[in-house]
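Engineer: So that you have it, the file is start.cif, and it contains mmCIF, C-alpha atoms:
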data_query
loop_
_atom_site.label_atom_id
_atom_site.label_comp_id
_atom_site.auth_asym_id
_atom_site.auth_seq_id
_atom_site.Cartn_x
_atom_site.Cartn_y
_atom_site.Cartn_z
CA MET U 1 0.00 0.00 0.00
CA THR U 2 1.49 3.33 -0.98
CA LEU U 3 1.12 6.01 1.65
CA PRO U 4 0.10 9.53 0.65
CA GLN U 5 3.08 11.89 0.47
CA ILE U 6 1.72 14.06 3.29
CA ILE U 7 1.68 11.05 5.63
CA VAL U 8 5.24 10.17 4.64
CA ASP U 9 6.28 13.78 5.20
CA LEU U 10 4.60 13.91 8.61
CA MET U 11 6.29 10.65 9.65
CA LYS U 12 9.66 12.03 8.54
CA LEU U 13 8.90 15.24 10.44
CA LEU U 14 8.18 13.33 13.65
CA PHE U 15 11.38 11.30 13.38
CA ASP U 16 13.48 14.38 12.62
CA LEU U 17 12.02 16.19 15.64
CA ALA U 18 12.92 13.34 18.01
CA VAL U 19 16.31 14.72 19.09
CA PRO U 20 15.07 18.33 19.60
CA SER U 21 12.15 16.89 21.56
CA ALA U 22 14.61 14.96 23.70
CA ILE U 23 16.35 18.24 24.55
CA CYS U 24 12.99 19.76 25.51
CA THR U 25 12.14 16.83 27.79
CA MET U 26 15.57 17.02 29.43
CA VAL U 27 14.90 20.70 30.26
CA LEU U 28 11.57 19.67 31.78
CA ALA U 29 13.42 16.93 33.68
CA GLY U 30 15.76 19.55 35.13
CA ILE U 31 12.85 21.66 36.40
CA ALA U 32 11.18 18.52 37.79
CA LEU U 33 14.44 17.61 39.53
CA ARG U 34 14.24 20.79 41.63
CA ARG U 35 10.57 20.17 42.40
CA GLU U 36 11.45 16.76 43.78
CA GLY U 37 14.31 17.93 45.98
CA GLY U 38 17.23 18.76 43.72
CA LEU U 39 19.68 16.33 45.32
CA ASP U 40 17.26 13.40 45.05
CA PHE U 41 14.28 12.45 42.93
CA GLN U 42 10.99 10.72 43.65
CA ALA U 43 10.46 7.16 42.48
CA GLY U 44 7.99 7.32 39.63
CA GLY U 45 8.00 11.09 39.71
CA HIS U 46 8.14 13.66 36.94
CA PHE U 47 11.95 13.65 36.73
CA GLN U 48 12.03 9.94 35.94
CA LYS U 49 9.16 10.39 33.51
CA TRP U 50 10.85 13.15 31.50
CA VAL U 51 14.22 11.35 31.42
CA LEU U 52 12.46 8.21 30.18
CA TRP U 53 10.78 10.24 27.45
CA SER U 54 14.20 11.63 26.45
CA VAL U 55 15.52 8.08 26.16
CA ILE U 56 12.48 7.02 24.13
CA PHE U 57 12.88 9.96 21.74
CA LEU U 58 16.58 9.22 21.26
CA THR U 59 16.00 5.51 20.57
CA LEU U 60 12.87 5.84 18.43
CA PRO U 61 14.33 4.15 15.30
CA GLN U 62 15.63 1.26 17.40
CA LEU U 63 12.20 0.85 19.03
CA LEU U 64 10.70 0.61 15.56
CA SER U 65 13.27 -2.02 14.59
CA TRP U 66 12.08 -4.06 17.59
CA LEU U 67 8.51 -3.74 16.35
CA ALA U 68 9.68 -4.85 12.90
CA ALA U 69 11.33 -7.88 14.49
CA GLN U 70 7.92 -8.73 16.00
CA GLY U 71 6.44 -8.73 12.50
CA ILE U 72 4.96 -5.22 12.49
CA THR U 73 6.47 -3.77 9.36
CA LEU U 74 6.52 -0.04 8.87
CA PRO U 75 7.07 1.96 5.74
CA ALA U 76 10.69 2.79 5.08
CA GLN U 77 11.75 6.14 6.49
CA GLY U 78 14.18 7.77 4.16
CA GLY U 79 14.72 10.68 1.87
CA SER U 80 13.76 14.24 2.55
CA ILE U 81 10.46 15.92 3.25
CA GLY U 82 8.65 16.77 0.05
CA SER U 83 6.23 19.42 1.28
CA PRO U 84 7.81 22.86 1.83
CA TRP U 85 5.28 23.66 4.53
CA VAL U 86 6.16 20.55 6.54
CA MET U 87 9.83 21.27 5.99
CA SER U 88 9.35 24.78 7.36
CA LEU U 89 7.68 23.30 10.45
CA GLU U 90 10.74 21.12 11.07
CA THR U 91 13.15 23.99 10.50
CA SER U 92 11.17 26.28 12.80
CA PHE U 93 11.02 23.80 15.66
CA THR U 94 14.70 22.88 15.33
CA ASN U 95 15.70 26.55 15.27
CA PHE U 96 13.48 27.23 18.29
CA VAL U 97 15.17 24.47 20.31
CA SER U 98 18.72 25.40 19.32
CA GLY U 99 18.41 29.17 19.02
CA VAL U 100 15.86 30.03 21.70
CA LEU U 101 15.58 27.20 24.21
CA VAL U 102 19.19 26.01 24.56
CA THR U 103 20.96 29.29 23.81
CA ARG U 104 18.73 31.77 25.65
CA LEU U 105 16.01 30.24 27.82
CA VAL U 106 18.02 27.51 29.59
CA PRO U 107 20.75 29.91 30.83
CA VAL U 108 18.05 32.23 32.19
CA LEU U 109 16.35 29.31 33.94
CA ALA U 110 19.69 28.22 35.40
CA ALA U 111 20.35 31.79 36.58
CA PHE U 112 16.98 31.83 38.32
CA PHE U 113 17.88 28.62 40.11
CA VAL U 114 21.17 30.14 41.27
CA LEU U 115 19.13 33.09 42.60
CA LYS U 116 16.82 30.60 44.28
CA ALA U 117 19.85 28.92 45.86
CA VAL U 118 20.71 32.19 47.58
CA LEU U 119 17.11 32.56 48.79
CA ASP U 120 17.11 28.93 49.98
CA ALA U 121 20.24 29.63 52.02
CA ALA U 122 18.60 32.73 53.50
CA GLN U 123 15.70 30.53 54.60
CA GLY U 124 18.06 28.10 56.30
CA GLN U 125 17.73 25.40 53.65
CA SER U 126 20.55 23.85 51.66
CA PRO U 127 21.42 25.88 48.54
CA LEU U 128 22.94 22.80 46.94
CA ALA U 129 19.64 21.55 45.50
CA SER U 130 19.11 24.62 43.33
CA VAL U 131 22.81 24.78 42.37
CA VAL U 132 22.81 21.15 41.18
CA THR U 133 19.62 21.85 39.20
CA ALA U 134 21.26 24.88 37.56
CA ILE U 135 24.28 22.77 36.59
CA PHE U 136 21.94 20.08 35.21
CA LEU U 137 20.11 22.64 33.06
CA LEU U 138 23.32 24.20 31.74
CA GLY U 139 24.56 20.74 30.72
CA THR U 140 21.30 19.72 28.98
CA SER U 141 22.52 19.67 25.38
CA SER U 142 25.81 17.95 26.22
CA THR U 143 23.89 15.39 28.31
CA VAL U 144 21.67 14.62 25.32
CA GLN U 145 24.80 14.25 23.14
CA LEU U 146 26.27 11.91 25.75
CA MET U 147 23.05 9.86 25.77
CA GLN U 148 23.17 9.67 21.96
CA SER U 149 26.68 8.22 22.20
CA TRP U 150 25.20 5.47 24.40
CA ASN U 151 22.78 4.41 21.69
CA SER U 152 23.80 0.82 21.01
CA GLY U 153 21.80 0.71 17.77
CA SER U 154 20.26 -2.63 18.69
CA GLN U 155 16.57 -3.42 19.15
CA PHE U 156 17.06 -2.99 22.90
CA ALA U 157 18.73 0.40 22.61
CA MET U 158 16.24 1.95 25.05
CA THR U 159 17.13 -0.36 27.93
CA ASP U 160 20.81 -0.24 26.95
CA MET U 161 20.72 3.55 27.20
CA LEU U 162 19.01 3.38 30.60
CA SER U 163 21.76 0.98 31.76
CA SER U 164 24.42 3.37 30.49
CA ILE U 165 22.74 6.25 32.38
CA TRP U 166 22.80 4.14 35.56
CA ASN U 167 26.47 3.27 35.06
CA PHE U 168 27.29 6.94 34.45
CA LEU U 169 25.50 8.04 37.62
CA ALA U 170 26.97 5.24 39.74
CA GLY U 171 30.49 5.38 38.36
CA THR U 172 31.05 9.06 37.62
CA ILE U 173 28.54 11.41 39.25
CA LEU U 174 28.09 9.80 42.67
CA PRO U 175 31.85 9.47 43.38
CA GLU U 176 32.08 13.21 42.70
CA ALA U 177 29.15 13.74 45.05
CA ALA U 178 31.09 11.87 47.76
CA GLY U 179 33.28 14.95 48.06
CA ILE U 180 30.20 17.08 48.65
CA ALA U 181 29.10 14.57 51.30
CA VAL U 182 32.44 15.07 53.11
CA VAL U 183 31.93 18.84 53.03
CA GLY U 184 28.40 18.41 54.38
CA ALA U 185 29.65 16.13 57.17
CA ILE U 186 32.20 18.72 58.30
CA LEU U 187 29.61 21.52 58.27
CA ASN U 188 27.12 19.35 60.18
CA TYR U 189 29.79 18.50 62.76
CA ALA U 190 30.48 22.20 63.27
CA ARG U 191 26.76 22.87 63.73
CA HIS U 192 26.29 20.00 66.22
CA ARG U 193 24.11 18.11 63.75
CA PRO U 194 24.36 14.41 62.86
CA PHE U 195 27.33 13.95 60.55
CA MET U 196 27.85 10.16 60.57
CA PRO U 197 24.95 9.57 58.10
CA LEU U 198 26.80 11.74 55.60
CA ILE U 199 30.03 9.79 56.15
CA GLY U 200 28.10 6.57 55.55
CA SER U 201 26.48 8.13 52.48
CA GLY U 202 29.90 9.17 51.17
CA LEU U 203 31.10 5.57 51.47
CA ALA U 204 27.89 4.38 49.81
CA PHE U 205 28.34 6.85 46.92
CA LEU U 206 31.72 5.24 46.28
CA SER U 207 30.25 1.72 46.44
CA VAL U 208 26.98 1.90 44.47
CA SER U 209 27.95 -0.79 41.94
CA ALA U 210 28.99 -3.13 44.74
CA LEU U 211 25.71 -2.44 46.59
CA TRP U 212 23.85 -3.40 43.41
CA LYS U 213 25.85 -6.66 43.28
CA LEU U 214 24.99 -7.22 46.95
CA VAL U 215 21.27 -6.77 46.31
CA GLN U 216 21.48 -9.09 43.30
CA ALA U 217 23.26 -11.68 45.48
CA MET U 218 20.56 -11.31 48.16
CA ALA U 219 17.83 -11.80 45.59
CA GLY U 220 19.55 -14.96 44.43
CA MET Y 221 29.54 22.40 29.50
CA SER Y 222 28.62 18.95 30.75
CA PHE Y 223 26.82 17.93 33.94
CA GLN Y 224 29.82 15.82 34.95
CA ASP Y 225 32.26 18.72 34.60
CA GLY Y 226 29.86 21.00 36.45
CA MET Y 227 29.57 18.60 39.40
CA LEU Y 228 33.35 18.08 39.46
CA ASN Y 229 33.98 21.81 39.46
CA LEU Y 230 31.36 22.31 42.18
CA THR Y 231 32.98 19.65 44.37
CA ASN Y 232 36.47 21.06 43.80
CA TRP Y 233 35.29 24.61 44.55
CA LEU Y 234 33.56 23.55 47.78
CA GLY Y 235 36.44 21.39 49.01
CA ASN Y 236 39.46 23.40 47.89
CA VAL Y 237 38.22 27.00 48.01
CA ILE Y 238 35.28 27.42 50.37
CA MET Y 239 36.24 24.97 53.12
CA PRO Y 240 39.80 26.30 53.63
CA THR Y 241 38.28 29.79 53.77
CA ILE Y 242 35.68 28.71 56.33
CA ALA Y 243 38.47 27.11 58.38
CA GLY Y 244 39.53 30.61 59.39
CA LEU Y 245 35.97 31.36 60.46
CA PHE Y 246 35.82 28.19 62.55
CA ALA Y 247 39.18 29.00 64.17
CA ALA Y 248 37.96 32.52 65.02
CA ALA Y 249 34.76 31.05 66.51
CA ALA Y 250 36.83 28.60 68.57
CA ILE Y 251 39.00 31.42 69.96
CA TYR Y 252 35.91 33.52 70.79
CA ARG Y 253 34.20 30.68 72.64
CA PHE Y 254 37.44 29.80 74.44
CA GLY Y 255 37.62 33.39 75.65
CA LYS Y 256 34.07 33.07 77.00
CA ALA Y 257 34.93 29.79 78.79
CA GLN Y 258 32.38 27.99 76.61
CA PRO Y 259 32.90 24.67 74.76
CA TRP Y 260 35.22 25.46 71.87
CA GLN Y 261 36.79 22.15 70.81
CA HIS Y 262 34.03 21.49 68.25
CA PHE Y 263 34.96 24.54 66.23
CA ALA Y 264 38.68 23.80 66.47
CA TRP Y 265 38.22 20.26 65.12
CA ALA Y 266 35.85 21.54 62.44
CA GLY Y 267 38.44 24.11 61.37
CA LEU Y 268 41.13 21.44 61.11
CA ALA Y 269 38.77 19.13 59.21
CA SER Y 270 37.91 21.98 56.81
CA LEU Y 271 41.58 22.21 55.84
CA MET Y 272 41.71 18.43 55.34
CA CYS Y 273 38.64 18.10 53.11
CA SER Y 274 40.36 16.51 50.14
CA GLY Y 275 42.43 14.30 52.44
CA LEU Y 276 39.27 13.05 54.14
CA LEU Y 277 37.79 12.24 50.74
CA ARG Y 278 40.98 10.32 49.85
CA VAL Y 279 40.51 8.41 53.12
CA LEU Y 280 36.95 7.43 52.13
CA GLU Y 281 38.18 6.41 48.68
CA SER Y 282 40.89 4.22 50.17
CA PHE Y 283 38.28 2.59 52.44
CA SER Y 284 36.03 1.81 49.49
CA ASN Y 285 38.96 0.46 47.44
CA GLN Y 286 39.54 -2.41 49.87
CA ALA Y 287 37.50 -4.63 47.53
CA ALA Y 288 36.77 -4.74 43.83
CA TRP Y 289 33.96 -2.57 42.43
CA ASN Y 290 31.77 -5.62 41.82
CA ASN Y 291 32.39 -7.28 45.19
CA PRO Y 292 29.07 -7.51 47.09
CA ASP Y 293 30.99 -7.06 50.36
CA GLN Y 294 32.65 -3.81 49.25
CA PHE Y 295 30.43 -1.53 51.36
CA TRP Y 296 30.76 -3.74 54.44
CA LEU Y 297 34.56 -3.88 53.99
CA ALA Y 298 34.62 -0.09 53.61
CA VAL Y 299 32.72 0.34 56.88
CA LEU Y 300 34.95 -2.28 58.53
CA THR Y 301 38.06 -0.40 57.39
CA LEU Y 302 36.57 2.82 58.77
CA VAL Y 303 35.99 1.14 62.15
CA ASN Y 304 39.51 -0.33 62.14
CA TRP Y 305 40.97 3.07 61.27
CA GLU Y 306 39.06 4.68 64.12
CA GLY Y 307 40.20 2.05 66.59
CA ASN Y 308 43.80 1.66 65.46
CA VAL Y 309 44.68 5.18 64.41
CA LEU Y 310 42.33 7.82 65.79
CA LEU Y 311 41.81 6.39 69.26
CA PRO Y 312 45.54 5.87 70.02
CA LEU Y 313 46.24 9.44 68.89
CA TYR Y 314 43.39 10.70 71.04
CA GLY Y 315 44.69 8.58 73.91
CA ALA Y 316 48.13 10.14 73.60
CA LEU Y 317 46.47 13.57 73.69
CA GLN Y 318 44.55 12.60 76.83
CA VAL Y 319 47.79 11.42 78.49
CA VAL Y 320 49.35 14.79 77.78
CA LEU Y 321 46.28 16.58 79.13
CA SER Y 322 46.23 14.42 82.25
CA VAL Y 323 49.86 15.37 82.98
CA VAL Y 324 49.10 19.02 82.35
CA HIS Y 325 45.99 18.98 84.54
CA PHE Y 326 47.71 16.99 87.31
CA SER Y 327 50.55 19.45 87.41
CA GLY Y 328 48.05 22.27 87.73
CA LEU Y 329 49.34 24.05 84.65
CA LEU Y 330 45.87 24.95 83.36
CA GLU Y 331 44.23 25.58 86.72
CA ARG Y 332 44.06 29.30 86.22
CA MET Y 333 41.95 28.77 83.12
CA THR Y 334 39.23 26.76 84.80
CA ILE Y 335 39.11 27.72 88.46
CA GLY Y 336 38.59 31.27 89.74
CA GLU Y 337 40.79 33.68 87.83
CA ALA Y 338 40.20 34.16 84.16
CA TRP Y 339 43.23 36.26 83.30
CA VAL Y 340 45.25 33.35 81.85
CA ARG Y 341 42.34 32.37 79.66
CA ASN Y 342 41.93 35.97 78.54
CA LEU Y 343 45.67 36.27 77.87
CA VAL Y 344 45.73 33.07 75.78
CA THR Y 345 42.60 34.25 73.90
CA ALA Y 346 44.28 37.59 73.12
CA MET Y 347 47.40 35.78 71.89
CA CYS Y 348 45.28 33.52 69.66
CA CYS Y 349 43.31 36.47 68.29
CA PHE Y 350 46.48 38.27 67.23
CA GLY Y 351 48.12 35.07 66.00
CA LEU Y 352 45.13 33.50 64.19
CA SER Y 353 46.68 33.65 60.73
CA GLY Y 354 49.84 32.09 62.17
CA LEU Y 355 47.78 29.31 63.74
CA LEU Y 356 46.11 28.64 60.39
CA ARG Y 357 49.50 28.56 58.63
CA LEU Y 358 50.71 26.14 61.35
CA ALA Y 359 47.71 23.85 60.73
CA GLU Y 360 48.31 23.97 56.98
CA PHE Y 361 52.00 23.14 57.58
CA TRP Y 362 51.03 20.11 59.66
CA ILE Y 363 48.59 18.93 57.02
CA ARG Y 364 51.09 19.42 54.18
CA ASN Y 365 53.73 17.48 56.09
CA GLY Y 366 51.16 14.83 56.92
CA THR Y 367 51.18 13.73 53.30
CA ALA Y 368 54.69 12.33 53.88
CA GLY Y 369 53.25 9.82 56.33
CA VAL Y 370 54.41 8.89 59.81
CA ARG Y 371 58.10 9.77 60.29
#
Since I need it in another form, could you write the structure as structure tokens?

Structural biologist:
Amino acid sequence: MTLPQIIVDLMKLLFDLAVPSAICTMVLAGIALRREGGLDFQAGGHFQKWVLWSVIFLTLPQLLSWLAAQGITLPAQGGSIGSPWVMSLETSFTNFVSGVLVTRLVPVLAAFFVLKAVLDAAQGQSPLASVVTAIFLLGTSSTVQLMQSWNSGSQFAMTDMLSSIWNFLAGTILPEAAGIAVVGAILNYARHRPFMPLIGSGLAFLSVSALWKLVQAMAG
Amino acid sequence: MSFQDGMLNLTNWLGNVIMPTIAGLFAAAAIYRFGKAQPWQHFAWAGLASLMCSGLLRVLESFSNQAAWNNPDQFWLAVLTLVNWEGNVLLPLYGALQVVLSVVHFSGLLERMTIGEAWVRNLVTAMCCFGLSGLLRLAEFWIRNGTAGVR
């Protein structure tokens, strides 16, 4: 069955807008991260949801290859968009994401979170949550590029990318956060607050992979 | 700019810039409270720990490196190493400090700071106030020489 050209163009449009959409969902994930605490996230919350959508957008072709392996064949996606109007839609959205969102809006959002960090500190709360969120927002486009490099290209690229994200957090980000835990422990000790939990957390940040192996061993 | 670089820079800034700066604040707070005959040791230890931030992180890393990354017992071994370090390193050092203090207290050397007259305490506080930067340099000297190990 031959699809009408407009349908083919719209399908091509949706696939071409996958990566810019992933950038948009990562920005939303950054805002959700602050809503859910900044230094932590809620299980099943909006942060997880938006990150999952980013992964889905980035592995859309591989998801379709899995569907094809199940016998659901889809029309070939190739070539360029025929309709100039549809092409202008793609160009406009891509330019909006790169020229407006990433270049102008995200730095302003990050600056507002830095301002919020100062206000948090004035209220007696930790400013770290807003600072980490600002850093997350400023690194949005490079994070999406990093996630694209984790695309294994296989039918299970989505779960492979989620595994790579876990490995990145456990092996790179959390060991860096262990240093922040040491700083927090010293400040808590000076303020006569419990500091041993932060020491234990620092050790745990350095041992996340081993803790995962421990849980797997417990589960049998 | 990447999230990883941002977090690394944040950690480095907190541990190597802010904490050594706050160490001076903690030392000043310790001197002030000492002058008021209030508990001051907390601030003194916090000031020393602020100068040793990166060293303390290296200590935690060495504890967690006692087993391979995929060893299920890695966390337990890290905690065990922490306990052993406390019992075999920190407590003997603290015990030696207590021996010194017991001799000092028995000899009556610090009596004028705790009983009756406060002029010795006030004199020592004044000396510390004027010599605070020297005290901080002394602490930094000890920490820098500490990297050479026990000699």

Engineer: Once the PyMOL selection byres ((chain Y) within 9 of (chain U)) has been applied to the shown file, what residues remain in the selection, as a ChimeraX atom specification?

Structural biologist: /Y:221-228,230-232,234-235,239,246,262-267,269-270,273-274,276-277,280-281,283-285,288-295,298-299

Engineer: Between atom CA of Leu343 of chain Y and atom CA of His325 of chain Y, what is the distance, to one decimal in Å?

Structural biologist: 18.5 Å

Engineer: Can you turn the PyMOL selection byres ((chain U and resi 48) around 12) into a concrete residue list for this file, as a short mmCIF file (atom, residue, chain, number, x, y, z; two decimals) with C-alpha atoms, in the coordinates of the input?

Structural biologist:
data_model
loop_
_atom_site.label_atom_id
_atom_site.label_comp_id
_atom_site.auth_asym_id
_atom_site.auth_seq_id
_atom_site.Cartn_x
_atom_site.Cartn_y
_atom_site.Cartn_z
CA THR U 25 12.14 16.83 27.79
CA MET U 26 15.57 17.02 29.43
CA LEU U 28 11.57 19.67 31.78
CA ALA U 29 13.42 16.93 33.68
CA GLY U 30 15.76 19.55 35.13
CA ILE U 31 12.85 21.66 36.40
CA ALA U 32 11.18 18.52 37.79
CA LEU U 33 14.44 17.61 39.53
CA GLU U 36 11.45 16.76 43.78
CA ASP U 40 17.26 13.40 45.05
CA PHE U 41 14.28 12.45 42.93
CA GLN U 42 10.99 10.72 43.65
CA ALA U 43 10.46 7.16 42.48
CA GLY U 44 7.99 7.32 39.63
CA GLY U 45 8.00 11.09 39.71
CA HIS U 46 8.14 13.66 36.94
CA PHE U 47 11.95 13.65 36.73
CA LYS U 49 9.16 10.39 33.51
CA TRP U 50 10.85 13.15 31.50
CA VAL U 51 14.22 11.35 31.42
CA LEU U 52 12.46 8.21 30.18
CA TRP U 53 10.78 10.24 27.45
CA SER U 54 14.20 11.63 26.45
CA VAL U 55 15.52 8.08 26.16
CA LEU U 162 19.01 3.38 30.60
CA ILE U 165 22.74 6.25 32.38
#

Engineer: Could you tell me which of U:Ala219, U:Cys24, U:Leu198, U:Ala170 comes closest to Val97 of chain U if we count all atoms listed in the file?

Structural biologist: U:Cys24

Engineer: When the PyMOL selection byres ((chain U and resi 62) around 12) is applied to the structure above, which residues does it catch, written out as a ChimeraX atom specification?

Structural biologist: /U:15,55-61,63-69,151-161

Engineer: Mind giving me the straight-line distance from atom CA of Gly37 of chain U to atom CA of Ile238 of chain Y in Å, one decimal?

Structural biologist: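 Answer for the atom CA of Gly37 of chain U to atom CA of Ile238 of chain Y separation: 23.4 Å.
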
Engineer: Put the listed atoms of segment 271-286 of chain Y in a box along x, y and z with 3 Å added on every side and give me the centre and edge lengths in Å to one decimal, as lines of an AutoDock Vina configuration file.

Structural biologist:
center_x = 39.2
center_y = 9.9
center_z = 51.6
size_x = 12.4
size_y = 30.6
size_z = 14.4

Engineer: Work out how far atom CA of Gly328 of chain Y is from atom CA of Leu355 of chain Y, in Å to one decimal.

Structural biologist: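 Separation between atom CA of Leu355 of chain Y and atom CA of Gly328 of chain Y: 25.0 Å.
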
Engineer: From the list Y:Val319, Y:Val324, Y:Leu268, Y:Leu310, which residue is nearest Ala243 of chain Y when using all atoms listed in the file?

Structural biologist: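 When distances to Ala243 of chain Y are compared using all atoms listed in the file, the smallest one comes from Y:Leu268.
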
Engineer: From the options U:Arg34, U:Pro20, U:Val114, U:Ala122, which residue's atoms come nearest to Val100 of chain U, counting only C-alpha atoms?

Structural biologist: U:Pro20

Engineer: Looking at only C-alpha atoms, which of U:Gly82, U:Ile23, U:Ala117, U:Ser130 is the one that sits closest to Met147 of chain U?

Structural biologist: U:Ile23

Engineer: N, CA and C atoms are needed for segment 266-278 of chain Y; please write them out as a PDB file, in the frame of the given file.

Structural biologist:
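Listing of rebuild_4.pdb after writing:
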ATOM      1  N   ALA Y 266      36.499  21.255  63.735  1.00  0.00           N
ATOM      2  CA  ALA Y 266      35.850  21.540  62.440  1.00  0.00           C
ATOM      3  C   ALA Y 266      36.767  22.364  61.546  1.00  0.00           C
ATOM      4  N   GLY Y 267      37.493  23.312  62.151  1.00  0.00           N
ATOM      5  CA  GLY Y 267      38.440  24.110  61.370  1.00  0.00           C
ATOM      6  C   GLY Y 267      39.552  23.252  60.789  1.00  0.00           C
ATOM      7  N   LEU Y 268      40.084  22.332  61.612  1.00  0.00           N
ATOM      8  CA  LEU Y 268      41.130  21.440  61.110  1.00  0.00           C
ATOM      9  C   LEU Y 268      40.585  20.533  60.007  1.00  0.00           C
ATOM     10  N   ALA Y 269      39.371  20.014  60.221  1.00  0.00           N
ATOM     11  CA  ALA Y 269      38.770  19.130  59.210  1.00  0.00           C
ATOM     12  C   ALA Y 269      38.501  19.885  57.910  1.00  0.00           C
ATOM     13  N   SER Y 270      38.159  21.178  58.012  1.00  0.00           N
ATOM     14  CA  SER Y 270      37.910  21.980  56.810  1.00  0.00           C
ATOM     15  C   SER Y 270      39.157  22.092  55.945  1.00  0.00           C
ATOM     16  N   LEU Y 271      40.335  22.135  56.605  1.00  0.00           N
ATOM     17  CA  LEU Y 271      41.580  22.210  55.840  1.00  0.00           C
ATOM     18  C   LEU Y 271      41.959  20.864  55.248  1.00  0.00           C
ATOM     19  N   MET Y 272      41.350  19.787  55.784  1.00  0.00           N
ATOM     20  CA  MET Y 272      41.710  18.430  55.340  1.00  0.00           C
ATOM     21  C   MET Y 272      40.630  17.802  54.485  1.00  0.00           C
ATOM     22  N   CYS Y 273      39.794  18.620  53.855  1.00  0.00           N
ATOM     23  CA  CYS Y 273      38.640  18.100  53.110  1.00  0.00           C
ATOM     24  C   CYS Y 273      39.040  17.077  52.052  1.00  0.00           C
ATOM     25  N   SER Y 274      39.996  17.451  51.212  1.00  0.00           N
ATOM     26  CA  SER Y 274      40.360  16.510  50.140  1.00  0.00           C
ATOM     27  C   SER Y 274      41.036  15.273  50.712  1.00  0.00           C
ATOM     28  N   GLY Y 275      41.811  15.461  51.795  1.00  0.00           N
ATOM     29  CA  GLY Y 275      42.430  14.300  52.440  1.00  0.00           C
ATOM     30  C   GLY Y 275      41.401  13.350  53.002  1.00  0.00           C
ATOM     31  N   LEU Y 276      40.331  13.901  53.603  1.00  0.00           N
ATOM     32  CA  LEU Y 276      39.270  13.050  54.140  1.00  0.00           C
ATOM     33  C   LEU Y 276      38.573  12.282  53.020  1.00  0.00           C
ATOM     34  N   LEU Y 277      38.400  12.945  51.873  1.00  0.00           N
ATOM     35  CA  LEU Y 277      37.790  12.240  50.740  1.00  0.00           C
ATOM     36  C   LEU Y 277      38.702  11.115  50.255  1.00  0.00           C
ATOM     37  N   ARG Y 278      40.030  11.376  50.249  1.00  0.00           N
ATOM     38  CA  ARG Y 278      40.980  10.320  49.850  1.00  0.00           C
ATOM     39  C   ARG Y 278      40.880   9.139  50.842  1.00  0.00           C
TER      40      ARG Y 278
END
